[in-house]
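Q: You'll find run_17.json just under this line, and it carries JSON, N, CA and C atoms.
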```json
[["chain", "number", "residue", "atom", "x", "y", "z"],
["A", 1, "MET", "N", -5.89, -13.06, 15.02],
["A", 1, "MET", "CA", -5.37, -14.23, 14.33],
["A", 1, "MET", "C", -3.99, -13.87, 13.78],
["A", 2, "ASN", "N", -3.04, -14.76, 13.96],
["A", 2, "ASN", "CA", -1.71, -14.51, 13.43],
["A", 2, "ASN", "C", -1.52, -15.28, 12.12],
["A", 3, "TRP", "N", -0.39, -15.06, 11.47],
["A", 3, "TRP", "CA", -0.20, -15.66, 10.14],
["A", 3, "TRP", "C", -0.02, -17.16, 10.18],
["A", 4, "ASP", "N", 0.45, -17.70, 11.28],
["A", 4, "ASP", "CA", 0.50, -19.16, 11.41],
["A", 4, "ASP", "C", -0.92, -19.73, 11.37],
["A", 5, "ASP", "N", -1.83, -19.06, 12.09],
["A", 5, "ASP", "CA", -3.24, -19.48, 12.08],
["A", 5, "ASP", "C", -3.84, -19.33, 10.69],
["A", 6, "ILE", "N", -3.52, -18.24, 10.03],
["A", 6, "ILE", "CA", -4.04, -18.01, 8.68],
["A", 6, "ILE", "C", -3.56, -19.09, 7.73],
["A", 7, "GLN", "N", -2.27, -19.44, 7.80],
["A", 7, "GLN", "CA", -1.76, -20.51, 6.95],
["A", 7, "GLN", "C", -2.48, -21.82, 7.24],
["A", 8, "ASP", "N", -2.69, -22.12, 8.51],
["A", 8, "ASP", "CA", -3.36, -23.36, 8.89],
["A", 8, "ASP", "C", -4.82, -23.39, 8.43],
["A", 9, "GLN", "N", -5.45, -22.23, 8.39],
["A", 9, "GLN", "CA", -6.88, -22.16, 8.05],
["A", 9, "GLN", "C", -7.12, -21.58, 6.65],
["A", 10, "TRP", "N", -6.10, -21.57, 5.81],
["A", 10, "TRP", "CA", -6.19, -20.91, 4.52],
["A", 10, "TRP", "C", -7.38, -21.39, 3.69],
["A", 11, "GLU", "N", -7.64, -22.67, 3.69],
["A", 11, "GLU", "CA", -8.74, -23.20, 2.88],
["A", 11, "GLU", "C", -10.07, -22.55, 3.26],
["A", 12, "THR", "N", -10.28, -22.30, 4.54],
["A", 12, "THR", "CA", -11.54, -21.69, 4.97],
["A", 12, "THR", "C", -11.54, -20.17, 4.81],
["A", 13, "LEU", "N", -10.36, -19.56, 4.74],
["A", 13, "LEU", "CA", -10.26, -18.10, 4.63],
["A", 13, "LEU", "C", -10.21, -17.60, 3.19],
["A", 14, "LYS", "N", -10.01, -18.48, 2.24],
["A", 14, "LYS", "CA", -9.87, -18.05, 0.84],
["A", 14, "LYS", "C", -11.07, -17.24, 0.36],
["A", 15, "GLY", "N", -12.25, -17.61, 0.77],
["A", 15, "GLY", "CA", -13.45, -16.87, 0.36],
["A", 15, "GLY", "C", -13.45, -15.45, 0.89],
["A", 16, "ARG", "N", -12.99, -15.27, 2.11],
["A", 16, "ARG", "CA", -12.92, -13.93, 2.70],
["A", 16, "ARG", "C", -11.88, -13.07, 1.99],
["A", 17, "VAL", "N", -10.76, -13.70, 1.62],
["A", 17, "VAL", "CA", -9.72, -12.99, 0.87],
["A", 17, "VAL", "C", -10.28, -12.58, -0.49],
["A", 18, "GLN", "N", -10.98, -13.49, -1.14],
["A", 18, "GLN", "CA", -11.59, -13.21, -2.45],
["A", 18, "GLN", "C", -12.60, -12.06, -2.34],
["A", 19, "ALA", "N", -13.37, -12.03, -1.25],
["A", 19, "ALA", "CA", -14.34, -10.96, -1.05],
["A", 19, "ALA", "C", -13.65, -9.62, -0.82],
["A", 20, "GLU", "N", -12.54, -9.63, -0.11],
["A", 20, "GLU", "CA", -11.81, -8.40, 0.20],
["A", 20, "GLU", "C", -11.09, -7.85, -1.02],
["A", 21, "TRP", "N", -10.46, -8.73, -1.79],
["A", 21, "TRP", "CA", -9.70, -8.34, -2.98],
["A", 21, "TRP", "C", -10.25, -9.11, -4.17],
["A", 22, "SER", "N", -11.37, -8.64, -4.68],
["A", 22, "SER", "CA", -12.13, -9.39, -5.68],
["A", 22, "SER", "C", -11.43, -9.55, -7.03],
["A", 23, "GLU", "N", -10.41, -8.76, -7.30],
["A", 23, "GLU", "CA", -9.69, -8.90, -8.57],
["A", 23, "GLU", "C", -8.71, -10.07, -8.56],
["A", 24, "LEU", "N", -8.48, -10.66, -7.41],
["A", 24, "LEU", "CA", -7.58, -11.81, -7.34],
["A", 24, "LEU", "C", -8.28, -13.03, -7.92],
["A", 25, "SER", "N", -7.56, -13.76, -8.75],
["A", 25, "SER", "CA", -8.12, -14.98, -9.33],
["A", 25, "SER", "C", -8.02, -16.12, -8.32],
["A", 26, "HIS", "N", -8.76, -17.17, -8.59],
["A", 26, "HIS", "CA", -8.70, -18.35, -7.71],
["A", 26, "HIS", "C", -7.29, -18.94, -7.74],
["A", 27, "ASP", "N", -6.65, -18.93, -8.90],
["A", 27, "ASP", "CA", -5.28, -19.44, -8.99],
["A", 27, "ASP", "C", -4.32, -18.61, -8.14],
["A", 28, "GLU", "N", -4.47, -17.29, -8.18],
["A", 28, "GLU", "CA", -3.61, -16.43, -7.37],
["A", 28, "GLU", "C", -3.83, -16.69, -5.88],
["A", 29, "ILE", "N", -5.07, -16.85, -5.49],
["A", 29, "ILE", "CA", -5.36, -17.13, -4.08],
["A", 29, "ILE", "C", -4.77, -18.47, -3.67],
["A", 30, "ASP", "N", -4.83, -19.45, -4.55],
["A", 30, "ASP", "CA", -4.20, -20.74, -4.27],
["A", 30, "ASP", "C", -2.69, -20.59, -4.14],
["A", 31, "GLN", "N", -2.07, -19.75, -4.98],
["A", 31, "GLN", "CA", -0.62, -19.53, -4.92],
["A", 31, "GLN", "C", -0.21, -18.87, -3.61],
["A", 32, "ILE", "N", -1.05, -18.01, -3.08],
["A", 32, "ILE", "CA", -0.74, -17.30, -1.84],
["A", 32, "ILE", "C", -0.59, -18.28, -0.68],
["A", 33, "ALA", "N", -1.48, -19.24, -0.61],
["A", 33, "ALA", "CA", -1.41, -20.34, 0.37],
["A", 33, "ALA", "C", -1.19, -19.85, 1.81],
["A", 34, "GLY", "N", -1.77, -18.69, 2.14],
["A", 34, "GLY", "CA", -1.67, -18.19, 3.50],
["A", 34, "GLY", "C", -0.37, -17.48, 3.83],
["A", 35, "LYS", "N", 0.44, -17.20, 2.82],
["A", 35, "LYS", "CA", 1.73, -16.52, 3.05],
["A", 35, "LYS", "C", 1.55, -15.02, 2.89],
["A", 36, "ARG", "N", 1.85, -14.29, 3.95],
["A", 36, "ARG", "CA", 1.64, -12.84, 3.97],
["A", 36, "ARG", "C", 2.38, -12.14, 2.85],
["A", 37, "GLU", "N", 3.66, -12.43, 2.68],
["A", 37, "GLU", "CA", 4.46, -11.75, 1.67],
["A", 37, "GLU", "C", 3.93, -12.00, 0.26],
["A", 38, "LYS", "N", 3.46, -13.21, 0.01],
["A", 38, "LYS", "CA", 2.90, -13.53, -1.30],
["A", 38, "LYS", "C", 1.60, -12.76, -1.52],
["A", 39, "LEU", "N", 0.78, -12.66, -0.49],
["A", 39, "LEU", "CA", -0.46, -11.89, -0.57],
["A", 39, "LEU", "C", -0.16, -10.43, -0.87],
["A", 40, "VAL", "N", 0.78, -9.84, -0.14],
["A", 40, "VAL", "CA", 1.17, -8.44, -0.36],
["A", 40, "VAL", "C", 1.69, -8.26, -1.78],
["A", 41, "GLU", "N", 2.55, -9.14, -2.22],
["A", 41, "GLU", "CA", 3.14, -9.04, -3.56],
["A", 41, "GLU", "C", 2.07, -9.07, -4.65],
["A", 42, "ILE", "N", 1.16, -10.02, -4.56],
["A", 42, "ILE", "CA", 0.14, -10.17, -5.60],
["A", 42, "ILE", "C", -0.83, -8.98, -5.59],
["A", 43, "ILE", "N", -1.25, -8.53, -4.42],
["A", 43, "ILE", "CA", -2.14, -7.36, -4.35],
["A", 43, "ILE", "C", -1.43, -6.13, -4.90],
["A", 44, "HIS", "N", -0.19, -5.95, -4.53],
["A", 44, "HIS", "CA", 0.62, -4.82, -5.02],
["A", 44, "HIS", "C", 0.66, -4.82, -6.55],
["A", 45, "GLN", "N", 0.94, -5.97, -7.14],
["A", 45, "GLN", "CA", 1.02, -6.07, -8.60],
["A", 45, "GLN", "C", -0.34, -5.89, -9.25],
["A", 46, "LYS", "N", -1.35, -6.50, -8.70],
["A", 46, "LYS", "CA", -2.68, -6.53, -9.32],
["A", 46, "LYS", "C", -3.37, -5.17, -9.24],
["A", 47, "TYR", "N", -3.25, -4.50, -8.10],
["A", 47, "TYR", "CA", -3.97, -3.25, -7.88],
["A", 47, "TYR", "C", -3.10, -2.01, -8.10],
["A", 48, "GLY", "N", -1.78, -2.17, -8.19],
["A", 48, "GLY", "CA", -0.90, -1.04, -8.43],
["A", 48, "GLY", "C", -0.76, -0.09, -7.25],
["A", 49, "ARG", "N", -1.06, -0.57, -6.07],
["A", 49, "ARG", "CA", -0.91, 0.25, -4.86],
["A", 49, "ARG", "C", 0.51, 0.10, -4.32],
["A", 50, "SER", "N", 0.93, 1.07, -3.51],
["A", 50, "SER", "CA", 2.26, 0.98, -2.92],
["A", 50, "SER", "C", 2.31, -0.21, -1.96],
["A", 51, "ARG", "N", 3.52, -0.76, -1.81],
["A", 51, "ARG", "CA", 3.68, -1.90, -0.89],
["A", 51, "ARG", "C", 3.26, -1.52, 0.52],
["A", 52, "SER", "N", 3.62, -0.32, 0.95],
["A", 52, "SER", "CA", 3.28, 0.07, 2.32],
["A", 52, "SER", "C", 1.76, 0.16, 2.51],
["A", 53, "ASP", "N", 1.05, 0.67, 1.51],
["A", 53, "ASP", "CA", -0.42, 0.72, 1.60],
["A", 53, "ASP", "C", -1.00, -0.69, 1.64],
["A", 54, "VAL", "N", -0.47, -1.56, 0.80],
["A", 54, "VAL", "CA", -0.95, -2.94, 0.76],
["A", 54, "VAL", "C", -0.67, -3.64, 2.09],
["A", 55, "GLU", "N", 0.51, -3.42, 2.65],
["A", 55, "GLU", "CA", 0.84, -4.04, 3.94],
["A", 55, "GLU", "C", -0.13, -3.58, 5.02],
["A", 56, "LYS", "N", -0.49, -2.30, 5.01],
["A", 56, "LYS", "CA", -1.47, -1.79, 5.98],
["A", 56, "LYS", "C", -2.83, -2.46, 5.78],
["A", 57, "GLU", "N", -3.26, -2.58, 4.51],
["A", 57, "GLU", "CA", -4.53, -3.25, 4.20],
["A", 57, "GLU", "C", -4.53, -4.68, 4.71],
["A", 58, "VAL", "N", -3.44, -5.38, 4.45],
["A", 58, "VAL", "CA", -3.34, -6.78, 4.85],
["A", 58, "VAL", "C", -3.36, -6.88, 6.38],
["A", 59, "ASP", "N", -2.65, -5.98, 7.05],
["A", 59, "ASP", "CA", -2.66, -5.98, 8.52],
["A", 59, "ASP", "C", -4.06, -5.70, 9.07],
["A", 60, "GLU", "N", -4.79, -4.78, 8.42],
["A", 60, "GLU", "CA", -6.17, -4.50, 8.85],
["A", 60, "GLU", "C", -7.05, -5.73, 8.63],
["A", 61, "PHE", "N", -6.84, -6.41, 7.53],
["A", 61, "PHE", "CA", -7.58, -7.64, 7.26],
["A", 61, "PHE", "C", -7.30, -8.66, 8.35],
["A", 62, "LEU", "N", -6.03, -8.80, 8.71],
["A", 62, "LEU", "CA", -5.63, -9.74, 9.75],
["A", 62, "LEU", "C", -6.30, -9.40, 11.08],
["A", 63, "SER", "N", -6.32, -8.12, 11.41],
["A", 63, "SER", "CA", -6.90, -7.73, 12.71],
["A", 63, "SER", "C", -8.41, -7.92, 12.74],
["A", 64, "SER", "N", -9.04, -7.98, 11.58],
["A", 64, "SER", "CA", -10.49, -8.19, 11.54],
["A", 64, "SER", "C", -10.87, -9.66, 11.59],
["A", 65, "GLU", "N", -9.90, -10.53, 11.43],
["A", 65, "GLU", "CA", -10.17, -11.98, 11.43],
["A", 65, "GLU", "C", -10.13, -12.53, 12.83]]
```
Write out the structure in this file as C-alpha cells.
A:
Amino acid sequence: MNWDDIQDQWETLKGRVQAEWSELSHDEIDQIAGKREKLVEIIHQKYGRSRSDVEKEVDEFLSSE
C-alpha cells in the first residue's frame, strides 16, 4: 500500500495506527490524516525516538498493510 492509498483509506486505518502507536491520542491521529510526514513528526515527538528510526518504523508499518 502506498501513501496515496493510506490517505484515501485513513478512516479505516486509524485503528491500526492506534494499535501500533498506542500513545497517540485520537486527536493526533485525526491531525495526521494519512500524511506520512505528520505521522513521523508526531511519533518522533511523542516517543522521543530519532527521526530515522521512526521513518523505518513507519515504512515497516506501510509494508505490512
Q: Rounded to one decimal, what separation in Å do you get between atom CA of A:Gly34 and atom C of A:Trp21?
A: 14.7 Å
Q: To one decimal in Å, tell me the separation between atom CA of A:Arg49 and atom CA of A:Arg36.
A: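 Interatomic distance here is 16.0 Å.
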Q: Quick one: residues within 10 Å of A:Glu55, only C-alpha atoms counted, chain neighbours fewer than 6 positions away excluded, as a count of residues only?
A: 9
Q: Of the candidates A:Val54, A:Leu62, A:Met1, A:Ile42, which one gets nearest to A:Asp27 if we count only C-alpha atoms?
A: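 Closest residue, counting only C-alpha atoms: A:Ile42.
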Q: Select, from A:Lys35, A:Asp53, A:Glu23, A:Glu60, the residue with the minimum atom-to-atom distance to A:Trp10, counting only N, CA and C atoms.
A: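 Between A:Lys35, A:Asp53, A:Glu23, A:Glu60, the residue approaching A:Trp10 most closely is A:Lys35.
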Q: Between atom CA of A:Ile6 and atom CA of A:Ser63, what is the spacing in Å?
A: 11.4 Å
